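Q: Below you'll find query_30.txt; it's compact mmCIF, C-alpha atoms and all ligand atoms.
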```
# COMPACT_ATOMS: atom_id res chain seq x y z
CA MET A 18 14.29 -15.36 -235.91
CA ALA A 19 16.55 -12.42 -236.74
CA SER A 20 18.21 -12.60 -240.15
CA LEU A 21 21.47 -14.50 -239.78
CA ILE A 22 22.76 -13.88 -243.27
CA GLU A 23 23.19 -10.41 -244.69
CA ARG A 24 23.32 -9.27 -248.27
CA THR A 25 26.86 -8.11 -248.96
CA TYR A 26 28.54 -10.16 -251.68
CA HIS A 27 31.88 -10.23 -253.46
CA SER A 28 31.94 -7.96 -256.49
CA THR A 29 33.96 -10.18 -258.83
CA PRO A 30 32.86 -12.25 -261.85
CA ALA A 31 33.40 -15.47 -259.81
CA ALA A 32 30.39 -17.81 -259.52
CA TYR A 33 30.42 -17.89 -255.69
CA ALA A 34 26.88 -17.50 -254.37
CA LEU A 35 27.23 -16.77 -250.63
CA PRO A 36 27.62 -13.42 -248.84
CA ASN A 37 30.85 -12.10 -247.34
CA GLY A 38 29.97 -9.76 -244.45
CA VAL A 39 30.16 -9.85 -240.67
CA LEU A 40 27.18 -12.15 -240.17
CA GLU A 41 28.54 -14.61 -242.72
CA HIS A 42 31.88 -14.55 -240.91
CA ARG A 43 30.07 -15.42 -237.71
CA ARG A 44 28.23 -18.26 -239.46
CA LEU A 45 31.46 -19.67 -240.89
CA GLU A 46 33.18 -19.52 -237.50
CA THR A 47 30.30 -21.38 -235.82
CA GLN A 48 30.23 -23.89 -238.64
CA HIS A 49 33.97 -24.45 -238.26
CA GLU A 50 33.55 -25.19 -234.54
CA CYS A 51 30.79 -27.69 -235.38
CA LEU A 52 32.94 -29.40 -238.04
CA LEU A 53 35.88 -29.54 -235.65
CA LYS A 54 33.65 -31.36 -233.18
CA LEU A 55 32.23 -33.65 -235.89
CA MET A 56 35.79 -34.63 -236.81
CA ASN A 57 36.86 -35.16 -233.21
CA GLY A 58 39.15 -32.13 -233.18
CA ARG A 59 41.15 -33.11 -236.27
CA ILE A 60 40.35 -31.33 -239.54
CA ILE A 61 43.35 -32.51 -241.54
CA HIS A 62 43.06 -36.21 -242.35
CA ALA A 63 46.14 -36.55 -244.63
CA SER A 64 49.18 -38.33 -243.19
CA LEU A 65 51.59 -35.45 -243.58
CA PRO A 66 55.30 -35.75 -242.92
CA PRO A 67 56.45 -34.10 -239.65
CA THR A 68 57.76 -31.11 -241.55
CA ILE A 69 56.26 -29.52 -244.61
CA THR A 70 57.42 -26.30 -246.21
CA ARG A 71 54.36 -24.75 -247.83
CA ALA A 72 50.59 -25.19 -247.44
CA LEU A 73 47.62 -23.48 -249.10
CA ASP A 74 43.95 -23.23 -248.08
CA ILE A 75 41.87 -22.28 -251.14
CA GLY A 76 38.65 -20.41 -250.28
CA CYS A 77 39.82 -20.06 -246.69
CA GLY A 78 36.85 -17.89 -245.59
CA THR A 79 37.60 -16.53 -242.12
CA GLY A 80 40.82 -18.57 -242.11
CA PRO A 81 40.40 -21.01 -239.15
CA VAL A 82 42.03 -23.97 -240.91
CA ALA A 83 44.94 -21.93 -242.30
CA HIS A 84 45.42 -20.39 -238.86
CA SER A 85 45.47 -23.69 -237.01
CA LEU A 86 47.88 -25.19 -239.57
CA ALA A 87 50.23 -22.22 -239.20
CA THR A 88 50.05 -22.36 -235.41
CA ALA A 89 50.64 -26.12 -235.24
CA ARG A 90 53.50 -25.98 -237.77
CA PRO A 91 55.54 -22.82 -237.19
CA THR A 92 58.14 -23.81 -239.80
CA THR A 93 55.50 -24.18 -242.55
CA THR A 94 54.56 -21.13 -244.61
CA VAL A 95 50.77 -21.22 -244.84
CA TYR A 96 48.73 -19.23 -247.34
CA GLY A 97 44.99 -18.64 -247.20
CA LEU A 98 43.48 -17.61 -250.53
CA ASP A 99 40.03 -16.09 -250.78
CA LEU A 100 37.94 -13.93 -253.09
CA SER A 101 37.02 -11.64 -250.21
CA PRO A 102 39.22 -10.08 -247.53
CA VAL A 103 39.82 -12.35 -244.53
CA PRO A 104 38.57 -10.60 -241.37
CA PRO A 105 41.16 -10.04 -238.61
CA LEU A 106 39.52 -12.39 -236.10
CA ARG A 107 42.77 -13.87 -234.76
CA THR A 108 46.32 -12.87 -234.04
CA GLN A 109 48.17 -13.74 -237.21
CA PRO A 110 51.29 -15.87 -236.78
CA PRO A 111 54.30 -14.73 -238.86
CA ASN A 112 54.17 -17.86 -241.05
CA LEU A 113 50.57 -17.16 -242.23
CA GLU A 114 49.74 -14.95 -245.20
CA PHE A 115 46.40 -14.23 -246.81
CA ILE A 116 46.04 -13.65 -250.54
CA GLN A 117 42.92 -12.02 -251.93
CA GLY A 118 41.77 -13.11 -255.37
CA ASP A 119 40.03 -15.66 -257.56
CA PHE A 120 41.88 -18.97 -257.71
CA LYS A 121 40.81 -19.27 -261.37
CA GLU A 122 42.81 -16.12 -262.16
CA LEU A 123 45.73 -16.83 -259.85
CA VAL A 124 46.44 -20.50 -260.32
CA ARG A 125 48.23 -21.39 -263.54
CA PRO A 126 48.97 -24.80 -265.05
CA ASP A 127 52.17 -26.68 -264.48
CA GLY A 128 54.99 -25.43 -266.69
CA THR A 129 54.06 -21.73 -266.44
CA SER A 130 57.25 -19.70 -266.21
CA SER A 131 57.65 -17.64 -263.07
CA ASP A 132 57.46 -14.29 -264.93
CA GLN A 133 53.97 -15.26 -266.20
CA LEU A 134 52.57 -15.96 -262.74
CA PRO A 135 50.02 -13.40 -261.49
CA ASP A 136 51.20 -14.13 -257.93
CA PRO A 137 54.60 -15.83 -257.52
CA ARG A 138 53.49 -17.24 -254.14
CA LEU A 139 51.15 -19.57 -256.06
CA ALA A 140 53.80 -21.20 -258.23
CA PRO A 141 53.03 -24.62 -259.73
CA ALA A 142 54.58 -27.66 -258.04
CA SER A 143 55.40 -25.67 -254.89
CA PHE A 144 52.96 -26.87 -252.18
CA ASP A 145 53.19 -29.84 -249.81
CA LEU A 146 49.52 -29.47 -248.89
CA VAL A 147 46.60 -27.92 -250.75
CA PHE A 148 43.38 -27.89 -248.77
CA SER A 149 39.90 -26.63 -249.54
CA ARG A 150 36.55 -26.92 -247.80
CA LEU A 151 33.00 -26.22 -248.90
CA LEU A 152 33.52 -24.71 -252.32
CA ILE A 153 30.29 -26.37 -253.50
CA PHE A 154 28.64 -22.99 -254.13
CA GLY A 155 31.73 -21.56 -255.86
CA ILE A 156 33.12 -24.10 -258.33
CA THR A 157 31.64 -24.60 -261.76
CA GLU A 158 34.25 -26.92 -263.28
CA TRP A 159 35.35 -29.44 -260.70
CA GLN A 160 37.75 -31.39 -262.90
CA ARG A 161 39.50 -28.17 -263.89
CA TYR A 162 39.65 -27.08 -260.27
CA ILE A 163 41.20 -30.38 -259.15
CA ASP A 164 43.64 -30.33 -262.10
CA ALA A 165 44.71 -26.89 -260.85
CA VAL A 166 45.08 -28.20 -257.29
CA ALA A 167 47.22 -31.10 -258.58
CA ALA A 168 49.37 -28.65 -260.55
CA LEU A 169 50.07 -26.67 -257.36
CA LEU A 170 51.40 -29.74 -255.54
CA ALA A 171 55.08 -30.48 -255.25
CA PRO A 172 56.07 -34.13 -255.88
CA GLY A 173 54.74 -36.14 -252.92
CA GLY A 174 52.45 -33.27 -251.85
CA HIS A 175 48.92 -33.92 -250.55
CA ALA A 176 45.57 -32.54 -251.67
CA GLU A 177 42.78 -32.65 -249.10
CA LEU A 178 39.32 -31.54 -250.15
CA HIS A 179 36.21 -31.48 -247.98
CA ASP A 180 32.96 -30.98 -249.82
CA ALA A 181 29.31 -31.84 -249.75
CA CYS A 182 27.01 -34.10 -251.69
CA HIS A 183 23.45 -32.82 -251.54
CA PRO A 184 21.17 -35.69 -252.41
CA ASP A 185 18.39 -35.35 -254.93
CA PRO A 186 14.88 -36.29 -253.92
CA LEU A 187 14.96 -38.88 -256.70
CA PRO A 188 16.94 -41.93 -255.59
CA ASP A 189 18.25 -42.66 -259.07
CA LEU A 190 20.08 -39.31 -259.10
CA GLN A 191 21.96 -40.05 -255.90
CA PRO A 192 25.45 -41.26 -256.60
CA ASP A 193 26.40 -42.19 -253.07
CA THR A 194 23.47 -43.12 -250.89
CA ALA A 195 22.52 -46.64 -250.04
CA ALA A 196 18.78 -47.05 -249.58
CA ASP A 197 17.90 -45.95 -246.05
CA PRO A 198 14.23 -46.02 -245.15
CA THR A 199 14.67 -43.43 -242.40
CA ARG A 200 16.33 -40.94 -244.69
CA TYR A 201 14.25 -38.18 -246.17
CA ASN A 202 15.32 -35.79 -248.89
CA PRO A 203 12.95 -32.86 -248.61
CA PRO A 204 11.44 -31.56 -251.87
CA TRP A 205 13.30 -28.24 -251.56
CA THR A 206 16.56 -30.07 -252.30
CA ARG A 207 15.14 -30.48 -255.82
CA ALA A 208 14.87 -26.66 -256.12
CA LEU A 209 18.38 -26.23 -254.72
CA ASN A 210 19.99 -28.83 -256.95
CA ALA A 211 18.18 -27.62 -260.08
CA ALA A 212 19.29 -24.05 -259.33
CA MET A 213 22.88 -25.22 -258.85
CA ARG A 214 22.91 -27.22 -262.07
CA ALA A 215 21.50 -24.23 -263.96
CA LYS A 216 24.64 -22.35 -262.83
CA ALA A 217 26.91 -25.29 -263.80
CA MET A 218 27.52 -26.19 -260.14
CA ASP A 219 27.54 -29.82 -259.02
CA PRO A 220 25.32 -30.63 -256.01
CA ALA A 221 27.03 -34.03 -255.73
CA CYS A 222 30.57 -32.68 -256.03
CA GLY A 223 31.78 -34.25 -252.76
CA ALA A 224 31.05 -37.76 -254.03
CA ASN A 225 32.90 -37.06 -257.29
CA ILE A 226 36.13 -35.61 -255.91
CA ALA A 227 37.98 -38.95 -255.68
CA THR A 228 37.33 -39.65 -259.37
CA TYR A 229 38.53 -36.17 -260.34
CA MET A 230 41.66 -36.58 -258.21
CA ARG A 231 42.56 -39.88 -259.92
CA ARG A 232 41.95 -38.31 -263.33
CA ALA A 233 44.26 -35.47 -262.30
CA GLY A 234 47.03 -38.04 -261.73
CA LEU A 235 46.91 -38.12 -257.93
CA ILE A 236 47.58 -41.46 -256.23
CA ASP A 237 46.75 -43.07 -252.87
CA VAL A 238 43.33 -41.41 -253.13
CA HIS A 239 41.12 -42.26 -250.20
CA ALA A 240 37.79 -40.89 -249.11
CA ARG A 241 35.51 -40.99 -246.11
CA ARG A 242 32.23 -39.28 -245.52
CA TYR A 243 30.53 -37.73 -242.51
CA ALA A 244 26.75 -37.38 -242.19
CA TRP A 245 25.82 -33.67 -241.86
CA PRO A 246 22.49 -33.66 -240.00
CA HIS A 247 19.90 -30.96 -240.65
CA ASP A 248 18.74 -31.16 -237.06
CA VAL A 249 19.04 -33.51 -234.11
CA TRP A 250 17.36 -36.81 -233.37
CA GLU A 251 17.61 -39.55 -230.82
CA GLY A 252 20.62 -41.69 -231.45
CA LEU A 253 22.52 -39.03 -233.39
CA PRO A 254 26.23 -39.42 -232.52
CA ALA A 255 27.28 -36.91 -229.86
CA GLU A 256 29.98 -35.42 -232.10
CA ALA A 257 27.31 -34.48 -234.71
CA GLU A 258 24.86 -32.83 -232.29
CA MET A 259 26.34 -29.34 -232.33
CA LEU A 260 26.33 -29.37 -236.15
CA GLY A 261 22.72 -30.59 -236.20
CA ARG A 262 21.61 -27.78 -233.86
CA TYR A 263 23.51 -25.14 -235.83
CA THR A 264 22.09 -26.38 -239.15
CA GLU A 265 18.57 -26.44 -237.77
CA GLU A 266 19.00 -22.80 -236.75
CA VAL A 267 20.37 -21.51 -240.06
CA ARG A 268 18.78 -23.93 -242.55
CA ALA A 269 15.67 -22.03 -243.66
CA GLU A 270 17.44 -18.68 -243.94
CA PHE A 271 20.58 -20.12 -245.52
CA TYR A 272 19.09 -22.39 -248.17
CA GLY A 273 16.25 -19.98 -248.94
CA ARG A 274 18.76 -17.26 -249.69
CA VAL A 275 21.13 -19.53 -251.65
CA ILE A 276 18.30 -20.83 -253.83
CA ARG A 277 17.13 -17.30 -254.60
CA ARG A 278 20.68 -16.03 -255.09
CA LEU A 279 21.17 -18.79 -257.67
CA GLY A 280 18.21 -17.30 -259.51
CA ALA A 281 15.52 -19.86 -258.69
CA GLU A 282 12.11 -19.55 -257.09
CA LEU A 283 11.00 -21.50 -254.07
CA GLU A 284 7.37 -22.54 -254.25
CA GLU A 285 7.16 -23.61 -250.64
CA VAL A 286 9.44 -21.59 -248.41
CA GLY A 287 7.73 -23.11 -245.35
CA GLU A 288 9.13 -26.44 -246.47
CA LEU A 289 12.58 -25.24 -245.47
CA GLU A 290 11.44 -24.99 -241.88
CA SER A 291 10.47 -28.63 -241.57
CA GLY A 292 12.90 -31.09 -240.07
CA ASN A 293 12.76 -34.74 -239.18
CA GLU A 294 9.01 -34.94 -238.80
CA GLY A 295 7.52 -38.37 -238.31
CA GLY A 296 10.91 -39.92 -237.68
CA LYS A 297 12.25 -38.82 -241.05
CA ARG A 298 15.88 -37.88 -240.93
CA VAL A 299 17.43 -35.26 -243.14
CA TRP A 300 21.17 -35.18 -243.68
CA PHE A 301 23.69 -34.86 -246.46
CA TRP A 302 27.18 -36.24 -246.81
CA LEU A 303 30.32 -34.24 -246.25
CA TRP A 304 33.11 -35.99 -248.14
CA VAL A 305 36.74 -35.79 -247.06
CA VAL A 306 39.05 -36.86 -249.87
CA VAL A 307 42.84 -37.05 -249.73
CA GLY A 308 45.20 -37.72 -252.65
CA ARG A 309 48.94 -37.48 -253.22
CA LYS A 310 51.04 -36.33 -256.13
CA PRO A 311 53.48 -39.06 -257.23
CA GLY A 312 57.12 -38.57 -256.44
CA GLY A 313 58.91 -37.11 -253.44
CA MET A 314 59.85 -39.25 -250.46
CA GLY A 315 56.70 -41.42 -250.77
CA GLY A 316 57.63 -42.50 -254.32
C1 LIG A 401 31.44 -21.62 -247.80
S1 LIG A 401 32.87 -20.65 -247.63
C2 LIG A 401 33.94 -21.81 -246.78
C3 LIG A 401 35.09 -21.11 -246.13
C4 LIG A 401 36.10 -22.05 -245.45
N1 LIG A 401 36.71 -22.92 -246.43
C5 LIG A 401 35.45 -22.84 -244.35
O1 LIG A 401 35.17 -24.02 -244.56
O2 LIG A 401 35.21 -22.26 -243.28
C6 LIG A 401 33.62 -20.65 -249.25
C7 LIG A 401 34.74 -19.64 -249.39
O3 LIG A 401 35.35 -19.82 -250.67
C8 LIG A 401 35.63 -18.57 -251.23
N2 LIG A 401 35.66 -18.69 -252.70
C9 LIG A 401 34.62 -19.04 -253.49
N3 LIG A 401 35.00 -19.03 -254.79
C10 LIG A 401 36.31 -18.65 -254.81
C11 LIG A 401 37.28 -18.43 -255.85
N4 LIG A 401 36.93 -18.57 -257.13
N5 LIG A 401 38.53 -18.06 -255.51
C12 LIG A 401 38.87 -17.88 -254.19
N6 LIG A 401 37.99 -18.06 -253.16
C13 LIG A 401 36.74 -18.44 -253.46
C14 LIG A 401 34.50 -17.67 -250.72
O4 LIG A 401 34.83 -16.30 -250.78
C15 LIG A 401 34.28 -18.20 -249.31
O5 LIG A 401 35.04 -17.50 -248.37
```
Would you kindly transcribe this structure into structure tokens?
A:
Amino acid sequence: MASLIERTYHSTPAAYALPNGVLEHRRLETQHECLLKLMNGRIIHASLPPTITRALDIGCGTGPVAHSLATARPTTTVYGLDLSPVPPLRTQPPNLEFIQGDFKELVRPDGTSSDQLPDPRLAPASFDLVFSRLLIFGITEWQRYIDAVAALLAPGGHAELHDACHPDPLPDLQPDTAADPTRYNPPWTRALNAAMRAKAMDPACGANIATYMRRAGLIDVHARRYAWPHDVWEGLPAEAEMLGRYTEEVRAEFYGRVIRRLGAELEEVGELESGNEGGKRVWFWLWVVVGRKPGGMGG
């Protein structure tokens, strides 16, 4: 199979481990289409009021979520923030702006005066919605990240975070999986998770987001999870099939490169090729967690 993932990366001190070129843009766009299907055409799960003033997508990638928010809500100013430039894949509506930079540098705690803000568009307590998706290979301090997200929210504003929980091969290290005899965690997930932990990343971040949100003072926190299949099998829900096929296609290349990029060795690269042999099913959870800042109309 031709290489799907090229080798251009951001040139900042940020921890983010994935590339940022044309092939990665194509991968992210395909992945977005698959996730849209998985979620039955509705990415945003928060019950937002009919009108909101400002929304932010942190780590927006190619910008599909920011773009659809801006298109669906023409009176909302939507910002997409990313380390790397957002490619011009779509016609940009006038209420959508992209900001290039590291959220760690740009987002300041509540109480920062406006003349100390690196970018006044990212003022504390100014957003009705802060969204992020799949920052698992970019965040090293999840509680700090979610504290920063909470600080960006206006009273009553919603945070909605979608992120993964990659299970460990050892059941006692899995925070969120009930025993399932058909589920198989391939040994390479051990290499991936060890490499992530060595870089202070959390392979189970998705399962921990709700706790971090509550600690950050958000209320009405609720979570649901979607199974992200590594390939397809009989009985897989129709809405997950496209994602399973896509993941099967990119899995070996993607995880092989991530593991190496995180500085680890893979003993058995061939292992990455194997799927649900012998009826074993490989999937991980994608968590969708919504929380609200106290105050505003919702009290
Ligand atoms: C896996 S991609 C997901 C993109 C998009 N959220 C999606 O789901 O299609 C993660 C994105 O987060 C961005 N990112 C990672 N660390 C970041 C940081 N510290 N500040 C801003 N953006 C960051 C990356 O550049 C990348 O575009």
Q: How many Å separate CA of Ile153 (chain A) from CA of Glu258 (chain A)?
A: 22.8 Å
Q: Using all atoms listed in the file, find each protein or nucleic acid residue lying at most 6 Å from ligand LIG 401 (chain A); present the set as a ChimeraX atom specification.
A: /A:31,33,45,49,76-78,98-101,118-121,149-152,155
Q: Considering only C-alpha atoms, return as a list of chain:residue names whatever protein or nucleic-acid residues lie within 10 Å of Tyr229 (chain A), sequence-local ones (same chain, fewer than 4 positions apart) excluded.
A: A:Trp159, A:Gln160, A:Arg161, A:Tyr162, A:Ile163, A:Asp164, A:Cys222, A:Ala224, A:Asn225, A:Ala233, A:Gly234, A:Leu235
Q: Leaving out region 172-183 of chain A and any residue of its chain fewer than 5 positions from it, which residues lie within 8 Å of it when counting only C-alpha atoms, given as a PDB file with C-alpha atoms, in the frame of the given file?
A:
```pdb
ATOM      1  CA  ILE A  61      43.350 -32.510-241.540  1.00  0.00           C
ATOM      2  CA  HIS A  62      43.060 -36.210-242.350  1.00  0.00           C
ATOM      3  CA  ALA A  63      46.140 -36.550-244.630  1.00  0.00           C
ATOM      4  CA  LEU A  65      51.590 -35.450-243.580  1.00  0.00           C
ATOM      5  CA  ALA A 142      54.580 -27.660-258.040  1.00  0.00           C
ATOM      6  CA  PHE A 144      52.960 -26.870-252.180  1.00  0.00           C
ATOM      7  CA  ASP A 145      53.190 -29.840-249.810  1.00  0.00           C
ATOM      8  CA  LEU A 146      49.520 -29.470-248.890  1.00  0.00           C
ATOM      9  CA  VAL A 147      46.600 -27.920-250.750  1.00  0.00           C
ATOM     10  CA  PHE A 148      43.380 -27.890-248.770  1.00  0.00           C
ATOM     11  CA  SER A 149      39.900 -26.630-249.540  1.00  0.00           C
ATOM     12  CA  ARG A 150      36.550 -26.920-247.800  1.00  0.00           C
ATOM     13  CA  LEU A 151      33.000 -26.220-248.900  1.00  0.00           C
ATOM     14  CA  LEU A 152      33.520 -24.710-252.320  1.00  0.00           C
ATOM     15  CA  ILE A 153      30.290 -26.370-253.500  1.00  0.00           C
ATOM     16  CA  VAL A 166      45.080 -28.200-257.290  1.00  0.00           C
ATOM     17  CA  ALA A 167      47.220 -31.100-258.580  1.00  0.00           C
ATOM     18  CA  THR A 206      16.560 -30.070-252.300  1.00  0.00           C
ATOM     19  CA  ASN A 210      19.990 -28.830-256.950  1.00  0.00           C
ATOM     20  CA  PRO A 220      25.320 -30.630-256.010  1.00  0.00           C
ATOM     21  CA  ALA A 221      27.030 -34.030-255.730  1.00  0.00           C
ATOM     22  CA  CYS A 222      30.570 -32.680-256.030  1.00  0.00           C
ATOM     23  CA  GLY A 223      31.780 -34.250-252.760  1.00  0.00           C
ATOM     24  CA  ALA A 224      31.050 -37.760-254.030  1.00  0.00           C
ATOM     25  CA  ILE A 226      36.130 -35.610-255.910  1.00  0.00           C
ATOM     26  CA  PHE A 301      23.690 -34.860-246.460  1.00  0.00           C
ATOM     27  CA  TRP A 302      27.180 -36.240-246.810  1.00  0.00           C
ATOM     28  CA  LEU A 303      30.320 -34.240-246.250  1.00  0.00           C
ATOM     29  CA  TRP A 304      33.110 -35.990-248.140  1.00  0.00           C
ATOM     30  CA  VAL A 305      36.740 -35.790-247.060  1.00  0.00           C
ATOM     31  CA  VAL A 306      39.050 -36.860-249.870  1.00  0.00           C
ATOM     32  CA  VAL A 307      42.840 -37.050-249.730  1.00  0.00           C
ATOM     33  CA  GLY A 308      45.200 -37.720-252.650  1.00  0.00           C
ATOM     34  CA  ARG A 309      48.940 -37.480-253.220  1.00  0.00           C
ATOM     35  CA  LYS A 310      51.040 -36.330-256.130  1.00  0.00           C
ATOM     36  CA  PRO A 311      53.480 -39.060-257.230  1.00  0.00           C
ATOM     37  CA  GLY A 312      57.120 -38.570-256.440  1.00  0.00           C
ATOM     38  CA  GLY A 313      58.910 -37.110-253.440  1.00  0.00           C
ATOM     39  CA  MET A 314      59.850 -39.250-250.460  1.00  0.00           C
ATOM     40  CA  GLY A 315      56.700 -41.420-250.770  1.00  0.00           C
ATOM     41  CA  GLY A 316      57.630 -42.500-254.320  1.00  0.00           C
TER      42      GLY A 316
END
```
Q: Can you tell me, as a PyMOL selection string, what residues are no more than 9 Å from Asp248 (chain A) when counting all atoms listed in the file, ignoring any on the same chain fewer than 2 positions away?
A: chain A and resi 245-246+250+258+260-266+292-293+298-300
